[in-house]
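Q: Here it is: the structure, laid out below.
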2 protein chains.
Amino acid sequence: MKKDIIAEIISIGDEILIGQILNTNAHWMGQELHKVGIKNSFVTTIGDNREDITNSLIIAQERADIVLITGGLGPTKDDITKKVLADFFESDMYMNQEVLQHVKEFFESRNRVMSEVNKLQALVPSVCTVVPNELGTAPCMWFEKNGKVFVSMPGVPFEMKNIMSTEILPRLKDFFETPYIAHRVIQTIGIGESYLAEKIQEWENKLQDNSISLAYLPSPGFVKLRLSLSNENKELVNYQLDTATKELYELVPEYIFGEGDDCTIQQMIGELLTKENKTIATAESCTGGYLAHLLTSISGSSAYFMGSVIAYSNQVKIQELNVPTETLQEKGAVSEETVRFMAENIRTKYNTTIGLACSGIAGPNGGTKDKPVGTIWIAYSDEKQTISKCLHLTKKRDLNIHLTATACLNLVRKTLTKKEFTN
Amino acid sequence: MKKDIIAEIISIGDEILIGQILNTNAHWMGQELHKVGIKNSFVTTIGDNREDITNSLIIAQERADIVLITGGLGPTKDDITKKVLADFFESDMYMNQEVLQHVKEFFESRNRVMSEVNKLQALVPSVCTVVPNELGTAPCMWFEKNGKVFVSMPGVPFEMKNIMSTEILPRLKDFFETPYIAHRVIQTIGIGESYLAEKIQEWENKLQDNSISLAYLPSPGFVKLRLSLSNENKELVNYQLDTATKELYELVPEYIFGEGDDCTIQQMIGELLTKENKTIATAESCTGGYLAHLLTSISGSSAYFMGSVIAYSNQVKIQELNVPTETLQEKGAVSEETVRFMAENIRTKYNTTIGLACSGIAGPNGGTKDKPVGTIWIAYSDEKQTISKCLHLTKKRDLNIHLTATACLNLVRKTLTKKEFTN
């Protein structure tokens with residue numbers, strides 16, 4: 001087995017140290033390095049300070065093969081990274097004409113004047129290779145020393161991400177001849193991490209025999225499964241990952257809603273509704289509009305989402321959703337009967353294929369002995385059926401709102417994809 | 001001037017390095033250290049690895065006065081921090097009876113059995129002072145060496161935060177005799193950072209004369225201003241901060257909506273509505289329920305929030321909000337006339353004091369030459385008046401939804417607090 005390629009990230013910026021901004025750059029870079037099989041072993045965050053930057057470079061070159069530096073490249077006096085790097089590599093600086101031209105065009109295209117200070121962006125150490133920064137003016141610099149690579153990138157997240165994805169990661173893979181590695185991300189909904197682990201235990205054991213590693217990535221309402229395999233043989237890798245993914249689908253089809261890191265349940269439902277030419281409306285009590293918000297967060301959702309009634313008060317439930325006063329009095333606003341009326345009546349009122357409804361006690365107050373905080377009824381209704389379900393959630397208001405909306409979307413998914421189920 | 005007290009945070013955890021979780025612990029600790037006047041100069045993230053932990057401790061003791069270590073304290077075999085710390089301080093380990101008792105009671109109170117592995121939590125280095133961890137089983141350990149302090153805390157965020165707030169920060173302040181420091185956070189809405197800076201320039205200059213430092217903390221729609229002052233004289237500090245705050249209120253009353261780090265506009269509006277015994281309903285198009293979601297994210301909002309119509313389709317606008325078909329045909333769904341009908345009619349329909357409405361092109365598609373993406377109309381209506389306003393926002397869908405909801409809430413605030421304005 002080949003030795004690990006070790007990376008260290010050095011994040012420069014006082015604003016990270018005092019907690020003014022979160023170090024999302026290091027988080028994202030850690031993910032990307034992991035995906036290509038480079039072992040990120042250290043993240044060091046320091047301020048815009050000559051001594052600390054120099055010392056961090058000295059420490060990093062001892063323990064890492066790759067040193068990725070972000071931040072400290074602006075043209076103002078606070079940003080001294082470039083000078084420190086030139087000293088560290090015992091290099092002089094020169095005005096790079098290509099960078100200068102790029103900076104000039106960058107300002108011209110925005111109808112802004114390039115100042116003398118901006119010109120300084122083009123001043124770079126002679127020993128570095130300049131990597132273009134399409135989206136900004138601070139150049140990215142690539143240094144090599146004793147078989148190790150140092151890269152200095154701007155700290156602006158979208159600039160850094162673009163440079164990393166299009167330039168640095170491919171170059172690092174070439175330089176260190178990293179083996180081929182691939183991943184599959186499978187998205188599940190409606191089952192907790194430990195229950196899922198139990199259901200797929202045998203499958204998981206078999207993965208290990210094929211050197212496929214598995215990560216559980218849980219978030220409220222969801223568990224992402226990430227399969228990773230590294231091998232010189234690209235075809236074998238993809239064949240094995242595809243096979244394992246297929247087996248997982250056969251094992252727990254009722255919980256899988258999509259693939260890929262960015263896939264969301266609301267997007268998947270949007271695609272299904274569009275494909276089947278169906279429309280939807282929601283009648284929400286305890287989610288207070290959050291369910292509609294999730295559905296409408298998708299661009300183009302106006303094609304299938306018609307609207308909602310947020311019925312927070314009983315008066316609105318009676319007047320707008322025709323929930324009978326007797327039902328509210330006898331069964332309560334949080335009841336199977338009420339939520340079924342809501343789902344059925346929003347569907348007819350807004351003339352949609354599907355009506356979706358919820359009513360519950362989000363908390364932290366308002367619970368009773370019979371209906372404690374976290375008791376929530378949800379319902380789905382279409383022309384053939386109305387399905388209702390009681391959830392017993394947590395004591396936390398925001399979490400309950402989120403989990404209820406997620407469960408409602410899952411009801412839609414389950415009904416729309418029923419034909420695909422094998423067990 | 002006293003020398004800075006330098007802190008280093010060492011975050012231990014493979015899951016941070018591969019980007020599985022964000023290092024929110026270091027972010028929060030950076031904020032808290034900054035608040036008490038301790039300079040956080042380094043954050044080092046490493047894996048659960050003996051050599052890396054030891055080396056990081058050696059590096060940290062050279063450059064920092066305070067070393068705060070989080071993570072790696074679980075009872076499983078991966079978590080080796082405690083053993084490394086014992087070796088680093090050349091200490092043996094012993095079974096701390098108080099911790100053992102706490103672990104025992106912790107499991108008992110949850111009706112769970114304490115295993116042999118759990119008992120190991122009570123094994124601690126002899127040279128440390130054990131600091132109680134009320135909310136978990138891993139003990140927090142305080143070490144002193146050559147006038148420097150090392151603290152090892154659990155990585156579970158709510159355990160760490162509790163220990164830091166109640167035990168570690170007060171002890172650090174005592175140990176290093178840090179001067180008194182206080183802060184005021186003033187929340188503004190509806191003005192960009194640079195415009196605000198221009199308006200309060202003179203006031204800001206005067207702050208410097210009084211050694212008050214000012215930070216601008218912007219987020220979409222909002223700018224928080226944080227004033228900080230450190231001095232031996234506690235009364236003077238509070239007097240000067242109060243005076244500066246008061247002056248700011250006089251300068252830009254129309255933009256300030258509250259004080260304190262956690263204060264939100266929806267909470268402030270909830271308090272105002274409750275106090276004045278008023279109710280509200282929303283008619284939303286482009287925000288798709290997000291405005292209602294913000295209002296109902298506040299516990300107790302059912303006292304003043306009655307409900308909403310999310311009118312995504314024109315049909316719903318006509319049928320439920322009585323927007324005349326001619327208006328939609330002649331002026332369009334995104335128009336002043338439409339949004340005023342929506343605000344006025346939701347108010348009468350839901351019988352509330354206030355009606356709030358919006359309609360716009362959230363994007364990324366759907367823009368025209370006359371009404372490009374980001375064109376959004378909002379309206380406020382009560383028994384005396386209807387106010388409407390056109391916003392020209394961005395190309396980004398989620399940002400537009402957020403900024404529109406924020407602007408709607410700001411309309412409510414402005415109208416409800418009108419009497420308090422001085423200019």
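Ordering of the structure tokens sets the chain letters (A, B, ...); residue numbers start at 1 within each chain; ligands are numbered from 1 in the order shown.
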So that I can see what lies close to Ser301 (chain A), please list as a count of residues only the residues with an atom at most 12 Å from it, counting only C-alpha atoms and leaving out residues fewer than 3 positions away in the same chain.

A: 35

Q: Output the contact residues of chain B with respect to chain A at a cut-off of 6 Å, based on only C-alpha atoms, as a list in words.

A: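 So the contacting residues turn out to be Leu17, Ile18, Gly19, Leu22, His27, Gly30, Gln31, His34, Asn40, Ser41, Phe42, Val43, Thr44, Thr45, Ile46, Gly288, Gly289, Tyr290, Ala292, His293, Thr296, Met306, Gly307, Ser308, Val309, Ile310, Ala311, Tyr312 and Ser313 of chain B.
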
Q: Print the selection's residues with N, CA and C atoms to a file, as a compact mmCIF listing (two decimals), in the first residue's frame.

A:
# COMPACT_ATOMS: atom_id res chain seq x y z
N LEU B 17 -11.37 17.23 10.00
CA LEU B 17 -10.36 17.30 8.93
C LEU B 17 -10.91 16.91 7.57
N ILE B 18 -11.81 15.90 7.55
CA ILE B 18 -12.35 15.47 6.25
C ILE B 18 -13.62 16.25 5.89
N GLY B 19 -13.94 17.27 6.67
CA GLY B 19 -15.07 18.13 6.32
C GLY B 19 -16.41 17.50 6.58
N LEU B 22 -18.37 20.87 10.55
CA LEU B 22 -17.72 22.17 10.60
C LEU B 22 -17.16 22.41 12.00
N HIS B 27 -14.97 28.26 16.41
CA HIS B 27 -15.64 29.51 16.06
C HIS B 27 -16.26 30.16 17.30
N GLY B 30 -13.58 31.19 19.84
CA GLY B 30 -12.92 32.42 19.39
C GLY B 30 -13.73 33.65 19.79
N GLN B 31 -15.05 33.56 19.61
CA GLN B 31 -15.93 34.67 20.00
C GLN B 31 -15.87 34.94 21.50
N HIS B 34 -12.54 36.40 22.65
CA HIS B 34 -12.48 37.80 22.22
C HIS B 34 -13.29 38.68 23.18
N ASN B 40 -7.11 35.18 20.84
CA ASN B 40 -7.00 33.86 20.23
C ASN B 40 -6.14 33.98 18.98
N SER B 41 -4.92 33.43 19.03
CA SER B 41 -3.99 33.62 17.91
C SER B 41 -3.82 32.39 17.03
N PHE B 42 -4.23 31.22 17.52
CA PHE B 42 -4.01 30.01 16.75
C PHE B 42 -5.16 29.03 16.94
N VAL B 43 -5.60 28.43 15.85
CA VAL B 43 -6.48 27.27 15.96
C VAL B 43 -5.81 26.14 15.17
N THR B 44 -5.56 25.03 15.83
CA THR B 44 -4.94 23.89 15.17
C THR B 44 -5.91 22.73 15.20
N THR B 45 -6.21 22.18 14.05
CA THR B 45 -7.08 21.00 14.00
C THR B 45 -6.25 19.79 13.58
N ILE B 46 -6.36 18.73 14.37
CA ILE B 46 -5.60 17.52 14.11
C ILE B 46 -6.49 16.30 14.33
N GLY B 288 -42.94 32.59 -0.79
CA GLY B 288 -43.40 31.20 -0.74
C GLY B 288 -43.55 30.61 0.66
N GLY B 289 -43.85 31.43 1.66
CA GLY B 289 -44.06 30.91 3.01
C GLY B 289 -42.91 31.24 3.97
N TYR B 290 -41.83 31.78 3.42
CA TYR B 290 -40.66 32.05 4.27
C TYR B 290 -40.93 33.17 5.28
N ALA B 292 -43.90 33.88 6.64
CA ALA B 292 -44.71 33.25 7.70
C ALA B 292 -43.81 32.38 8.58
N HIS B 293 -42.89 31.68 7.96
CA HIS B 293 -41.96 30.83 8.72
C HIS B 293 -41.16 31.65 9.72
N THR B 296 -43.43 32.66 12.57
CA THR B 296 -43.85 31.54 13.43
C THR B 296 -42.67 30.78 14.03
N MET B 306 -52.08 35.04 12.68
CA MET B 306 -53.31 34.28 12.42
C MET B 306 -53.14 33.27 11.29
N GLY B 307 -52.38 33.66 10.27
CA GLY B 307 -52.20 32.75 9.14
C GLY B 307 -51.80 33.48 7.89
N SER B 308 -51.72 32.72 6.80
CA SER B 308 -51.29 33.28 5.52
C SER B 308 -52.00 32.62 4.37
N VAL B 309 -52.00 33.35 3.26
CA VAL B 309 -52.27 32.73 1.97
C VAL B 309 -50.98 32.82 1.16
N ILE B 310 -50.47 31.65 0.78
CA ILE B 310 -49.33 31.65 -0.14
C ILE B 310 -49.93 31.55 -1.52
N ALA B 311 -49.91 32.67 -2.23
CA ALA B 311 -50.58 32.75 -3.53
C ALA B 311 -49.53 32.68 -4.63
N TYR B 312 -49.08 31.45 -4.92
CA TYR B 312 -48.03 31.29 -5.92
C TYR B 312 -48.60 31.42 -7.33
N SER B 313 -49.79 30.87 -7.52
CA SER B 313 -50.41 30.95 -8.86
C SER B 313 -51.33 32.17 -8.92

Q: Compare B:Val99, B:Ile361, B:Val67, B:Leu236 by their minimum atom-to-atom distance to Lys148 (chain B), counting only C-alpha atoms, and give me the closest one.

A: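 Looking only at the distances to Lys148 (chain B), the closest residue turns out to be B:Val67.
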
Q: Could you pull the residues within 8 Å of Lys414 (chain A), counting only C-alpha atoms, minus those fewer than 4 positions along the same chain, as a list in words?

A: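 Here the answer would be Glu254, Asn410 and Lys418 of chain A.
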
Q: Taking the DSSP secondary structure from the backbone, can you list the residues of region 28-101 of chain B that are strand (DSSP E or B), as a ChimeraX atom specification?

A: /B:39-46,66-70,93-95

Q: Output N, CA and C atoms for every residue in the selection just made, as an mmCIF file, in the first residue's frame.

A:
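So part-v7.cif came out as:
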data_model
loop_
_atom_site.group_PDB
_atom_site.id
_atom_site.type_symbol
_atom_site.label_atom_id
_atom_site.label_comp_id
_atom_site.auth_asym_id
_atom_site.auth_seq_id
_atom_site.Cartn_x
_atom_site.Cartn_y
_atom_site.Cartn_z
ATOM 1 N N LYS B 39 -6.575 37.045 23.559
ATOM 2 C CA LYS B 39 -6.299 37.065 22.121
ATOM 3 C C LYS B 39 -6.129 35.637 21.597
ATOM 4 N N ASN B 40 -7.110 35.176 20.839
ATOM 5 C CA ASN B 40 -6.999 33.856 20.232
ATOM 6 C C ASN B 40 -6.136 33.977 18.980
ATOM 7 N N SER B 41 -4.921 33.428 19.030
ATOM 8 C CA SER B 41 -3.990 33.617 17.909
ATOM 9 C C SER B 41 -3.820 32.393 17.031
ATOM 10 N N PHE B 42 -4.225 31.224 17.521
ATOM 11 C CA PHE B 42 -4.008 30.010 16.746
ATOM 12 C C PHE B 42 -5.160 29.026 16.944
ATOM 13 N N VAL B 43 -5.601 28.429 15.853
ATOM 14 C CA VAL B 43 -6.482 27.268 15.956
ATOM 15 C C VAL B 43 -5.813 26.143 15.170
ATOM 16 N N THR B 44 -5.556 25.034 15.834
ATOM 17 C CA THR B 44 -4.941 23.895 15.166
ATOM 18 C C THR B 44 -5.913 22.727 15.205
ATOM 19 N N THR B 45 -6.211 22.176 14.050
ATOM 20 C CA THR B 45 -7.076 20.995 14.000
ATOM 21 C C THR B 45 -6.252 19.788 13.584
ATOM 22 N N ILE B 46 -6.359 18.732 14.367
ATOM 23 C CA ILE B 46 -5.598 17.516 14.107
ATOM 24 C C ILE B 46 -6.490 16.300 14.326
ATOM 25 N N ILE B 66 -2.450 30.139 26.926
ATOM 26 C CA ILE B 66 -3.605 29.289 27.222
ATOM 27 C C ILE B 66 -3.781 28.311 26.065
ATOM 28 N N VAL B 67 -3.876 27.028 26.382
ATOM 29 C CA VAL B 67 -4.097 26.031 25.335
ATOM 30 C C VAL B 67 -5.417 25.316 25.633
ATOM 31 N N LEU B 68 -6.398 25.510 24.754
ATOM 32 C CA LEU B 68 -7.728 24.934 24.962
ATOM 33 C C LEU B 68 -7.926 23.780 23.992
ATOM 34 N N ILE B 69 -8.043 22.588 24.547
ATOM 35 C CA ILE B 69 -8.122 21.382 23.715
ATOM 36 C C ILE B 69 -9.543 20.853 23.759
ATOM 37 N N THR B 70 -10.142 20.600 22.597
ATOM 38 C CA THR B 70 -11.469 19.977 22.591
ATOM 39 C C THR B 70 -11.423 18.670 21.815
ATOM 40 N N MET B 93 -1.923 8.118 36.080
ATOM 41 C CA MET B 93 -3.375 8.272 36.043
ATOM 42 C C MET B 93 -3.961 7.659 37.317
ATOM 43 N N TYR B 94 -5.100 8.172 37.765
ATOM 44 C CA TYR B 94 -5.786 7.552 38.899
ATOM 45 C C TYR B 94 -7.293 7.631 38.678
ATOM 46 N N MET B 95 -7.997 6.783 39.413
ATOM 47 C CA MET B 95 -9.451 6.758 39.296
ATOM 48 C C MET B 95 -10.022 7.833 40.226
#
